[in-house]
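The file entry_15.pdb comes next; it holds PDB, C-alpha atoms, pLDDT in the B column.
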MODEL        1
ATOM      1  CA  MET A   3      67.759 -68.446  78.876  1.00 71.00           C
ATOM      2  CA  ALA A   4      65.711 -68.944  75.703  1.00 79.00           C
ATOM      3  CA  MET A   5      62.464 -69.196  77.681  1.00 82.00           C
ATOM      4  CA  SER A   6      63.267 -65.950  79.505  1.00 87.00           C
ATOM      5  CA  ALA A   7      63.847 -64.200  76.191  1.00 88.00           C
ATOM      6  CA  LEU A   8      60.596 -65.647  74.835  1.00 89.00           C
ATOM      7  CA  TRP A   9      58.563 -64.445  77.827  1.00 86.00           C
ATOM      8  CA  VAL A  10      60.171 -60.995  77.773  1.00 89.00           C
ATOM      9  CA  GLY A  11      59.460 -60.772  74.032  1.00 90.00           C
ATOM     10  CA  MET A  12      55.798 -61.651  74.527  1.00 88.00           C
ATOM     11  CA  ILE A  13      55.432 -59.107  77.335  1.00 87.00           C
ATOM     12  CA  VAL A  14      57.108 -56.380  75.287  1.00 89.00           C
ATOM     13  CA  ALA A  15      54.902 -57.225  72.276  1.00 90.00           C
ATOM     14  CA  ALA A  16      51.768 -57.026  74.451  1.00 86.00           C
ATOM     15  CA  ILE A  17      52.801 -53.656  75.867  1.00 87.00           C
ATOM     16  CA  LEU A  18      53.638 -52.284  72.413  1.00 89.00           C
ATOM     17  CA  CYS A  19      50.304 -53.487  71.018  1.00 89.00           C
ATOM     18  CA  ALA A  20      48.516 -51.902  73.980  1.00 86.00           C
ATOM     19  CA  LEU A  21      50.320 -48.597  73.414  1.00 89.00           C
ATOM     20  CA  ILE A  22      49.582 -48.640  69.671  1.00 90.00           C
ATOM     21  CA  THR A  23      45.902 -49.460  70.118  1.00 90.00           C
ATOM     22  CA  GLY A  24      45.444 -47.265  73.193  1.00 88.00           C
ATOM     23  CA  ARG A  25      44.279 -50.140  75.385  1.00 88.00           C
ATOM     24  CA  THR A  26      46.882 -50.027  78.142  1.00 86.00           C
ATOM     25  CA  ASP A  27      44.181 -50.149  80.807  1.00 88.00           C
ATOM     26  CA  ALA A  28      42.925 -53.503  79.453  1.00 87.00           C
ATOM     27  CA  VAL A  29      46.462 -54.953  79.417  1.00 84.00           C
ATOM     28  CA  ALA A  30      47.080 -53.775  82.989  1.00 85.00           C
ATOM     29  CA  ALA A  31      43.769 -55.267  84.146  1.00 88.00           C
ATOM     30  CA  ALA A  32      44.550 -58.554  82.368  1.00 85.00           C
ATOM     31  CA  ALA A  33      48.002 -58.692  83.982  1.00 84.00           C
ATOM     32  CA  VAL A  34      46.562 -58.222  87.471  1.00 86.00           C
ATOM     33  CA  SER A  35      43.768 -60.724  86.821  1.00 87.00           C
ATOM     34  CA  GLY A  36      46.199 -63.252  85.352  1.00 85.00           C
ATOM     35  CA  ALA A  37      48.511 -62.963  88.353  1.00 84.00           C
ATOM     36  CA  ALA A  38      45.600 -63.555  90.736  1.00 85.00           C
ATOM     37  CA  ASP A  39      44.417 -66.550  88.701  1.00 83.00           C
ATOM     38  CA  ALA A  40      47.960 -67.980  88.676  1.00 82.00           C
ATOM     39  CA  VAL A  41      48.208 -67.801  92.469  1.00 84.00           C
ATOM     40  CA  GLU A  42      44.775 -69.412  92.852  1.00 80.00           C
ATOM     41  CA  LEU A  43      45.723 -72.212  90.439  1.00 75.00           C
ATOM     42  CA  CYS A  44      49.029 -72.880  92.223  1.00 78.00           C
ATOM     43  CA  LEU A  45      47.332 -73.115  95.599  1.00 78.00           C
ATOM     44  CA  SER A  46      44.625 -75.444  94.330  1.00 70.00           C
ATOM     45  CA  MET A  47      47.214 -77.713  92.671  1.00 70.00           C
ATOM     46  CA  ALA A  48      49.462 -77.750  95.719  1.00 76.00           C
ATOM     47  CA  GLY A  49      47.120 -79.944  97.750  1.00 74.00           C
ATOM     48  CA  LEU A  50      46.978 -82.779  95.243  1.00 67.00           C
ATOM     49  CA  LEU A  51      50.696 -82.582  94.498  1.00 69.00           C
ATOM     50  CA  CYS A  52      51.487 -82.654  98.226  1.00 76.00           C
ATOM     51  CA  LEU A  53      49.285 -85.713  98.596  1.00 73.00           C
ATOM     52  CA  TRP A  54      51.150 -87.671  95.938  1.00 68.00           C
ATOM     53  CA  MET A  55      54.546 -86.448  97.109  1.00 71.00           C
ATOM     54  CA  GLY A  56      53.548 -87.795 100.532  1.00 78.00           C
ATOM     55  CA  VAL A  57      52.517 -91.087  98.947  1.00 74.00           C
ATOM     56  CA  MET A  58      55.921 -91.243  97.243  1.00 71.00           C
ATOM     57  CA  GLU A  59      57.671 -90.612 100.585  1.00 78.00           C
ATOM     58  CA  VAL A  60      55.575 -93.301 102.304  1.00 83.00           C
ATOM     59  CA  MET A  61      56.478 -95.677  99.468  1.00 75.00           C
ATOM     60  CA  ARG A  62      60.165 -94.890  99.949  1.00 75.00           C
ATOM     61  CA  ARG A  63      60.103 -95.321 103.741  1.00 86.00           C
ATOM     62  CA  SER A  64      58.026 -98.494 103.644  1.00 88.00           C
ATOM     63  CA  GLY A  65      60.303-100.127 101.081  1.00 82.00           C
ATOM     64  CA  LEU A  66      57.574-100.241  98.446  1.00 78.00           C
ATOM     65  CA  SER A  67      59.617 -98.082  96.067  1.00 71.00           C
ATOM     66  CA  GLU A  68      62.495-100.572  96.372  1.00 74.00           C
ATOM     67  CA  LYS A  69      60.081-103.402  95.544  1.00 80.00           C
ATOM     68  CA  LEU A  70      58.837-101.427  92.550  1.00 76.00           C
ATOM     69  CA  ALA A  71      62.444-100.859  91.526  1.00 73.00           C
ATOM     70  CA  ARG A  72      63.090-104.623  91.749  1.00 79.00           C
ATOM     71  CA  LEU A  73      59.986-105.214  89.656  1.00 83.00           C
ATOM     72  CA  LEU A  74      61.274-102.757  87.037  1.00 81.00           C
ATOM     73  CA  ARG A  75      64.862-104.083  87.028  1.00 82.00           C
ATOM     74  CA  PRO A  76      64.405-106.756  84.309  1.00 86.00           C
ATOM     75  CA  LEU A  77      62.903-104.170  81.967  1.00 85.00           C
ATOM     76  CA  LEU A  78      65.497-101.551  82.893  1.00 85.00           C
ATOM     77  CA  ARG A  79      68.347-103.992  82.298  1.00 86.00           C
ATOM     78  CA  ARG A  80      67.044-104.521  78.760  1.00 87.00           C
ATOM     79  CA  LEU A  81      66.642-100.801  78.139  1.00 86.00           C
ATOM     80  CA  PHE A  82      69.975 -99.844  79.715  1.00 87.00           C
ATOM     81  CA  PRO A  83      72.294-102.842  79.228  1.00 87.00           C
ATOM     82  CA  ALA A  84      75.440-100.737  79.600  1.00 85.00           C
ATOM     83  CA  PHE A  85      74.381 -99.740  83.127  1.00 86.00           C
ATOM     84  CA  ALA A  86      72.803-103.032  84.252  1.00 82.00           C
ATOM     85  CA  GLY A  87      75.628-103.729  86.710  1.00 83.00           C
ATOM     86  CA  GLU A  88      75.653-100.268  88.281  1.00 83.00           C
ATOM     87  CA  GLU A  89      73.220-100.348  91.194  1.00 81.00           C
ATOM     88  CA  ASP A  90      73.363 -96.608  91.890  1.00 82.00           C
ATOM     89  CA  VAL A  91      72.427 -95.788  88.292  1.00 85.00           C
ATOM     90  CA  MET A  92      69.653 -98.374  88.175  1.00 85.00           C
ATOM     91  CA  ALA A  93      68.268 -97.156  91.534  1.00 83.00           C
ATOM     92  CA  ALA A  94      68.163 -93.541  90.303  1.00 84.00           C
ATOM     93  CA  VAL A  95      66.545 -94.563  87.006  1.00 87.00           C
ATOM     94  CA  SER A  96      63.923 -96.713  88.717  1.00 85.00           C
ATOM     95  CA  ALA A  97      63.142 -93.965  91.258  1.00 82.00           C
ATOM     96  CA  ASN A  98      62.694 -91.514  88.394  1.00 84.00           C
ATOM     97  CA  LEU A  99      60.436 -93.884  86.478  1.00 85.00           C
ATOM     98  CA  SER A 100      58.427 -94.606  89.638  1.00 80.00           C
ATOM     99  CA  ALA A 101      57.810 -90.889  90.186  1.00 79.00           C
ATOM    100  CA  ASN A 102      56.812 -90.520  86.548  1.00 81.00           C
ATOM    101  CA  LEU A 103      54.428 -93.477  86.850  1.00 79.00           C
ATOM    102  CA  LEU A 104      52.636 -91.563  89.595  1.00 74.00           C
ATOM    103  CA  GLY A 105      52.568 -88.427  87.453  1.00 72.00           C
ATOM    104  CA  LEU A 106      54.903 -86.564  89.791  1.00 72.00           C
ATOM    105  CA  GLY A 107      57.009 -84.670  87.281  1.00 70.00           C
ATOM    106  CA  ASN A 108      58.244 -82.295  89.986  1.00 68.00           C
ATOM    107  CA  ALA A 109      59.541 -85.200  92.060  1.00 71.00           C
ATOM    108  CA  ALA A 110      60.896 -86.986  88.989  1.00 76.00           C
ATOM    109  CA  THR A 111      63.036 -84.042  87.886  1.00 79.00           C
ATOM    110  CA  PRO A 112      65.733 -84.189  90.615  1.00 80.00           C
ATOM    111  CA  LEU A 113      65.760 -87.984  90.380  1.00 81.00           C
ATOM    112  CA  GLY A 114      66.204 -87.730  86.614  1.00 85.00           C
ATOM    113  CA  LEU A 115      69.019 -85.228  86.983  1.00 87.00           C
ATOM    114  CA  GLU A 116      70.768 -87.567  89.409  1.00 87.00           C
ATOM    115  CA  ALA A 117      70.378 -90.527  87.038  1.00 87.00           C
ATOM    116  CA  SER A 118      71.662 -88.429  84.129  1.00 88.00           C
ATOM    117  CA  ARG A 119      74.654 -87.253  86.157  1.00 89.00           C
ATOM    118  CA  LEU A 120      75.511 -90.828  87.104  1.00 89.00           C
ATOM    119  CA  MET A 121      75.165 -92.029  83.508  1.00 89.00           C
ATOM    120  CA  ALA A 122      77.250 -89.157  82.162  1.00 88.00           C
ATOM    121  CA  ARG A 123      80.252 -90.135  84.325  1.00 85.00           C
ATOM    122  CA  ARG A 124      81.270 -92.736  81.753  1.00 79.00           C
ATOM    123  CA  THR A 125      81.333 -90.468  78.727  1.00 79.00           C
ATOM    124  CA  PRO A 126      81.802 -86.868  79.874  1.00 79.00           C
ATOM    125  CA  GLY A 127      80.639 -84.385  77.273  1.00 80.00           C
ATOM    126  CA  VAL A 128      78.988 -87.041  75.084  1.00 81.00           C
ATOM    127  CA  ALA A 129      75.507 -88.485  75.450  1.00 81.00           C
ATOM    128  CA  SER A 130      75.753 -92.281  75.428  1.00 84.00           C
ATOM    129  CA  ASP A 131      73.032 -94.506  73.983  1.00 86.00           C
ATOM    130  CA  GLY A 132      71.895 -95.298  77.519  1.00 86.00           C
ATOM    131  CA  LEU A 133      71.643 -91.626  78.456  1.00 87.00           C
ATOM    132  CA  CYS A 134      69.677 -90.866  75.277  1.00 88.00           C
ATOM    133  CA  MET A 135      67.352 -93.780  76.048  1.00 88.00           C
ATOM    134  CA  PHE A 136      66.875 -92.454  79.583  1.00 89.00           C
ATOM    135  CA  VAL A 137      65.983 -88.992  78.303  1.00 89.00           C
ATOM    136  CA  VAL A 138      63.412 -90.578  75.972  1.00 90.00           C
ATOM    137  CA  CYS A 139      61.924 -92.721  78.761  1.00 87.00           C
ATOM    138  CA  ASN A 140      61.846 -89.768  81.137  1.00 85.00           C
ATOM    139  CA  THR A 141      60.300 -87.393  78.615  1.00 85.00           C
ATOM    140  CA  ALA A 142      57.685 -89.782  77.209  1.00 85.00           C
ATOM    141  CA  SER A 143      56.978 -91.471  80.528  1.00 81.00           C
ATOM    142  CA  ILE A 144      54.070 -93.811  81.108  1.00 81.00           C
ATOM    143  CA  GLN A 145      51.760 -92.275  83.677  1.00 80.00           C
ATOM    144  CA  LEU A 146      49.503 -94.536  85.674  1.00 82.00           C
ATOM    145  CA  ILE A 147      48.167 -91.602  87.678  1.00 80.00           C
ATOM    146  CA  PRO A 148      48.340 -88.250  85.821  1.00 81.00           C
ATOM    147  CA  THR A 149      48.480 -86.215  89.014  1.00 76.00           C
ATOM    148  CA  THR A 150      49.298 -82.819  87.516  1.00 76.00           C
ATOM    149  CA  VAL A 151      46.654 -83.007  84.790  1.00 82.00           C
ATOM    150  CA  ALA A 152      44.062 -84.237  87.282  1.00 82.00           C
ATOM    151  CA  SER A 153      44.864 -81.407  89.669  1.00 79.00           C
ATOM    152  CA  LEU A 154      44.546 -78.874  86.840  1.00 81.00           C
ATOM    153  CA  ARG A 155      41.179 -80.374  85.871  1.00 86.00           C
ATOM    154  CA  SER A 156      40.073 -80.310  89.508  1.00 84.00           C
ATOM    155  CA  ALA A 157      41.156 -76.681  89.873  1.00 80.00           C
ATOM    156  CA  ALA A 158      39.137 -75.837  86.757  1.00 83.00           C
ATOM    157  CA  GLY A 159      36.022 -77.280  88.404  1.00 87.00           C
ATOM    158  CA  CYS A 160      35.896 -80.744  86.850  1.00 87.00           C
ATOM    159  CA  ALA A 161      33.788 -83.130  88.938  1.00 89.00           C
ATOM    160  CA  THR A 162      35.680 -86.224  87.724  1.00 91.00           C
ATOM    161  CA  PRO A 163      39.297 -85.178  87.141  1.00 88.00           C
ATOM    162  CA  PHE A 164      40.560 -88.768  86.779  1.00 88.00           C
ATOM    163  CA  ASP A 165      38.167 -89.808  84.000  1.00 90.00           C
ATOM    164  CA  ILE A 166      41.049 -89.271  81.564  1.00 89.00           C
ATOM    165  CA  LEU A 167      42.921 -92.352  82.816  1.00 88.00           C
ATOM    166  CA  PRO A 168      42.299 -94.710  79.848  1.00 91.00           C
ATOM    167  CA  ALA A 169      43.260 -92.048  77.310  1.00 90.00           C
ATOM    168  CA  THR A 170      46.338 -91.113  79.355  1.00 88.00           C
ATOM    169  CA  TRP A 171      47.448 -94.738  79.629  1.00 90.00           C
ATOM    170  CA  LEU A 172      47.068 -95.320  75.900  1.00 92.00           C
ATOM    171  CA  ALA A 173      48.728 -92.067  74.840  1.00 90.00           C
ATOM    172  CA  SER A 174      51.643 -92.417  77.251  1.00 87.00           C
ATOM    173  CA  ALA A 175      52.222 -96.086  76.374  1.00 90.00           C
ATOM    174  CA  LEU A 176      52.258 -95.274  72.664  1.00 93.00           C
ATOM    175  CA  SER A 177      54.609 -92.336  73.177  1.00 91.00           C
ATOM    176  CA  VAL A 178      57.041 -94.477  75.170  1.00 90.00           C
ATOM    177  CA  LEU A 179      56.867 -97.252  72.573  1.00 92.00           C
ATOM    178  CA  ALA A 180      57.536 -94.793  69.745  1.00 94.00           C
ATOM    179  CA  GLY A 181      60.352 -93.093  71.668  1.00 91.00           C
ATOM    180  CA  VAL A 182      62.099 -96.325  72.691  1.00 90.00           C
ATOM    181  CA  THR A 183      61.813 -97.703  69.158  1.00 92.00           C
ATOM    182  CA  ALA A 184      63.231 -94.496  67.684  1.00 92.00           C
ATOM    183  CA  ALA A 185      66.088 -94.444  70.210  1.00 89.00           C
ATOM    184  CA  LYS A 186      67.001 -98.079  69.492  1.00 89.00           C
ATOM    185  CA  VAL A 187      66.834 -97.606  65.702  1.00 92.00           C
ATOM    186  CA  LEU A 188      68.833 -94.370  65.787  1.00 90.00           C
ATOM    187  CA  ALA A 189      71.444 -95.982  68.052  1.00 86.00           C
ATOM    188  CA  LEU A 190      71.893 -98.757  65.469  1.00 86.00           C
ATOM    189  CA  VAL A 191      71.999 -96.316  62.547  1.00 87.00           C
ATOM    190  CA  TRP A 192      74.400 -93.983  64.315  1.00 80.00           C
ATOM    191  CA  ARG A 193      76.848 -96.824  65.032  1.00 74.00           C
ATOM    192  CA  LYS A 194      76.968 -97.730  61.339  1.00 65.00           C
TER
ENDMDL
END
Translate the structure described by the file into structure tokens.
Amino acid sequence: MAMSALWVGMIVAAILCALITGRTDAVAAAAVSGAADAVELCLSMAGLLCLWMGVMEVMRRSGLSEKLARLLRPLLRRLFPAFAGEEDVMAAVSANLSANLLGLGNAATPLGLEASRLMARRTPGVASDGLCMFVVCNTASIQLIPTTVASLRSAAGCATPFDILPATWLASALSVLAGVTAAKVLALVWRK
């Protein structure tokens, strides 16, 4: 709702500025050009996103995602000790983190919503420490393959869209470390 109001406000402000300055033709031309550019960008990104969504589906069908989930379980049990015994919660969390590792935010979103719904069953109406930690991990996720950013760079004409990998790994690892530390410290402070 807030984003809709923000976008409507920006559009109204642009139209008012165009009317005041007498440049309505430039605003109309920019709107048409922007819409065409948006469609072109979406189509160019769709190929790379479809590729990685297909990879994610192959991983799921081949059992590789389950193996990745098993690999992540020791870490997830430490991060979410209250949910360590709940296999459905841990499976949803690991699937979400796996999608985020591949940079598939669009695929991670429904998985994250499912994990959040399962975690929220225990404390309806109140965000538990585990749910807050999950939101932090989901938001500041480590990305091994920044698919969306690479597809944007590719669509913009970059010859080497994945040359940002080292910077992405460092930035995402530091953001997760900072977020997890803050969540743990705030959970301790809040309890006191």
With only C-alpha atoms as the counted atoms, please give the residues lying no more than 6 Å from stretch 74-91 of chain A, apart from itself and same-chain residues fewer than 3 positions off, as a short mmCIF file (atom, residue, chain, number, x, y, z; two decimals) with C-alpha atoms, in the frame of the given file.
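File written: selection05.cif
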data_model
loop_
_atom_site.label_atom_id
_atom_site.label_comp_id
_atom_site.auth_asym_id
_atom_site.auth_seq_id
_atom_site.Cartn_x
_atom_site.Cartn_y
_atom_site.Cartn_z
CA ALA A 71 62.44 -100.86 91.53
CA ALA A 94 68.16 -93.54 90.30
CA ALA A 117 70.38 -90.53 87.04
CA LEU A 120 75.51 -90.83 87.10
CA GLY A 132 71.90 -95.30 77.52
#
Item checked: Resolved residues for the PyMOL selection byres ((chain A and resi 103) around 6) as a VMD selection string -> chain A and resid 100 to 102 104 to 105 144 to 146
Notebook entry, point to check: Looking at A:Met55, A:Val41, A:Val178, A:Ala158, which one is nearest to A:Cys139, with distances taken over all atoms listed in the file?
Noted result: A:Val178
Note to self: Please expand the PyMOL selection byres ((chain A and resi 118) around 10) into the concrete residues it hits in this file, giving the result as a VMD selection string.
What the structure shows: chain A and resid 91 94 to 95 112 to 117 119 to 123 129 132 to 134 136 to 137
Apply the PyMOL selection byres ((chain A and resi 154) around 12) to the structure shown and report the selected residues as a PDB file with C-alpha atoms, in the coordinates of the input.
ATOM      1  CA  ALA A  40      47.960 -67.980  88.676  1.00 82.00           C
ATOM      2  CA  GLU A  42      44.775 -69.412  92.852  1.00 80.00           C
ATOM      3  CA  LEU A  43      45.723 -72.212  90.439  1.00 75.00           C
ATOM      4  CA  CYS A  44      49.029 -72.880  92.223  1.00 78.00           C
ATOM      5  CA  LEU A  45      47.332 -73.115  95.599  1.00 78.00           C
ATOM      6  CA  SER A  46      44.625 -75.444  94.330  1.00 70.00           C
ATOM      7  CA  MET A  47      47.214 -77.713  92.671  1.00 70.00           C
ATOM      8  CA  ALA A  48      49.462 -77.750  95.719  1.00 76.00           C
ATOM      9  CA  GLY A  49      47.120 -79.944  97.750  1.00 74.00           C
ATOM     10  CA  LEU A  50      46.978 -82.779  95.243  1.00 67.00           C
ATOM     11  CA  LEU A  51      50.696 -82.582  94.498  1.00 69.00           C
ATOM     12  CA  PRO A 148      48.340 -88.250  85.821  1.00 81.00           C
ATOM     13  CA  THR A 149      48.480 -86.215  89.014  1.00 76.00           C
ATOM     14  CA  THR A 150      49.298 -82.819  87.516  1.00 76.00           C
ATOM     15  CA  VAL A 151      46.654 -83.007  84.790  1.00 82.00           C
ATOM     16  CA  ALA A 152      44.062 -84.237  87.282  1.00 82.00           C
ATOM     17  CA  SER A 153      44.864 -81.407  89.669  1.00 79.00           C
ATOM     18  CA  ARG A 155      41.179 -80.374  85.871  1.00 86.00           C
ATOM     19  CA  SER A 156      40.073 -80.310  89.508  1.00 84.00           C
ATOM     20  CA  ALA A 157      41.156 -76.681  89.873  1.00 80.00           C
ATOM     21  CA  ALA A 158      39.137 -75.837  86.757  1.00 83.00           C
ATOM     22  CA  GLY A 159      36.022 -77.280  88.404  1.00 87.00           C
ATOM     23  CA  CYS A 160      35.896 -80.744  86.850  1.00 87.00           C
ATOM     24  CA  ALA A 161      33.788 -83.130  88.938  1.00 89.00           C
ATOM     25  CA  THR A 162      35.680 -86.224  87.724  1.00 91.00           C
ATOM     26  CA  PRO A 163      39.297 -85.178  87.141  1.00 88.00           C
ATOM     27  CA  PHE A 164      40.560 -88.768  86.779  1.00 88.00           C
TER      28      PHE A 164
END
Note to self: Set the distance at 8 Å and use only C-alpha atoms: which residues neighbour A:Ser67 once local chain neighbours fewer than 3 positions away are removed? I'd like the list as a list of chain:residue names.
What the structure shows: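 Residues meeting the cut-off are A:Met58, A:Met61, A:Arg62, A:Ser64, A:Leu70, A:Ala71, A:Ala97, A:Ser100.
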Checklist line | Two-atom distance - atom CA of A:Leu66, atom CA of A:Ser143 (Å) | finding: 20.0 Å
Generate the coordinates of N, CA and C atoms for stretch 23-43 of chain A; report them as an mmCIF file, in the frame of the given file.
data_model
loop_
_atom_site.group_PDB
_atom_site.id
_atom_site.type_symbol
_atom_site.label_atom_id
_atom_site.label_comp_id
_atom_site.auth_asym_id
_atom_site.auth_seq_id
_atom_site.Cartn_x
_atom_site.Cartn_y
_atom_site.Cartn_z
ATOM 1 N N THR A 23 47.367 -49.455 70.204
ATOM 2 C CA THR A 23 45.902 -49.460 70.118
ATOM 3 C C THR A 23 45.238 -48.601 71.192
ATOM 4 N N GLY A 24 46.007 -48.107 72.142
ATOM 5 C CA GLY A 24 45.444 -47.265 73.193
ATOM 6 C C GLY A 24 44.668 -48.041 74.246
ATOM 7 N N ARG A 25 45.010 -49.308 74.422
ATOM 8 C CA ARG A 25 44.279 -50.140 75.385
ATOM 9 C C ARG A 25 45.183 -50.585 76.537
ATOM 10 N N THR A 26 45.974 -49.678 77.051
ATOM 11 C CA THR A 26 46.882 -50.027 78.142
ATOM 12 C C THR A 26 46.128 -50.413 79.413
ATOM 13 N N ASP A 27 44.953 -49.801 79.611
ATOM 14 C CA ASP A 27 44.181 -50.149 80.807
ATOM 15 C C ASP A 27 43.714 -51.602 80.757
ATOM 16 N N ALA A 28 43.355 -52.108 79.594
ATOM 17 C CA ALA A 28 42.925 -53.503 79.453
ATOM 18 C C ALA A 28 44.089 -54.463 79.690
ATOM 19 N N VAL A 29 45.280 -54.102 79.210
ATOM 20 C CA VAL A 29 46.462 -54.953 79.417
ATOM 21 C C VAL A 29 46.832 -54.981 80.898
ATOM 22 N N ALA A 30 46.766 -53.828 81.554
ATOM 23 C CA ALA A 30 47.080 -53.775 82.989
ATOM 24 C C ALA A 30 46.077 -54.606 83.786
ATOM 25 N N ALA A 31 44.792 -54.487 83.446
ATOM 26 C CA ALA A 31 43.769 -55.267 84.146
ATOM 27 C C ALA A 31 43.964 -56.764 83.908
ATOM 28 N N ALA A 32 44.315 -57.141 82.680
ATOM 29 C CA ALA A 32 44.550 -58.554 82.368
ATOM 30 C C ALA A 32 45.777 -59.080 83.114
ATOM 31 N N ALA A 33 46.803 -58.260 83.257
ATOM 32 C CA ALA A 33 48.002 -58.692 83.982
ATOM 33 C C ALA A 33 47.684 -58.946 85.452
ATOM 34 N N VAL A 34 46.926 -58.051 86.061
ATOM 35 C CA VAL A 34 46.562 -58.222 87.471
ATOM 36 C C VAL A 34 45.655 -59.443 87.641
ATOM 37 N N SER A 35 44.679 -59.577 86.757
ATOM 38 C CA SER A 35 43.768 -60.724 86.821
ATOM 39 C C SER A 35 44.511 -62.036 86.598
ATOM 40 N N GLY A 36 45.414 -62.045 85.631
ATOM 41 C CA GLY A 36 46.199 -63.252 85.352
ATOM 42 C C GLY A 36 47.076 -63.652 86.522
ATOM 43 N N ALA A 37 47.675 -62.666 87.183
ATOM 44 C CA ALA A 37 48.511 -62.963 88.353
ATOM 45 C C ALA A 37 47.669 -63.563 89.475
ATOM 46 N N ALA A 38 46.487 -63.022 89.690
ATOM 47 C CA ALA A 38 45.600 -63.555 90.736
ATOM 48 C C ALA A 38 45.151 -64.975 90.391
ATOM 49 N N ASP A 39 44.817 -65.202 89.130
ATOM 50 C CA ASP A 39 44.417 -66.550 88.701
ATOM 51 C C ASP A 39 45.563 -67.549 88.843
ATOM 52 N N ALA A 40 46.797 -67.094 88.557
ATOM 53 C CA ALA A 40 47.960 -67.980 88.676
ATOM 54 C C ALA A 40 48.173 -68.401 90.122
ATOM 55 N N VAL A 41 48.046 -67.476 91.050
ATOM 56 C CA VAL A 41 48.208 -67.801 92.469
ATOM 57 C C VAL A 41 47.119 -68.779 92.904
ATOM 58 N N GLU A 42 45.886 -68.529 92.498
ATOM 59 C CA GLU A 42 44.775 -69.412 92.852
ATOM 60 C C GLU A 42 44.994 -70.824 92.291
ATOM 61 N N LEU A 43 45.460 -70.911 91.051
ATOM 62 C CA LEU A 43 45.723 -72.212 90.439
ATOM 63 C C LEU A 43 46.839 -72.952 91.174
#
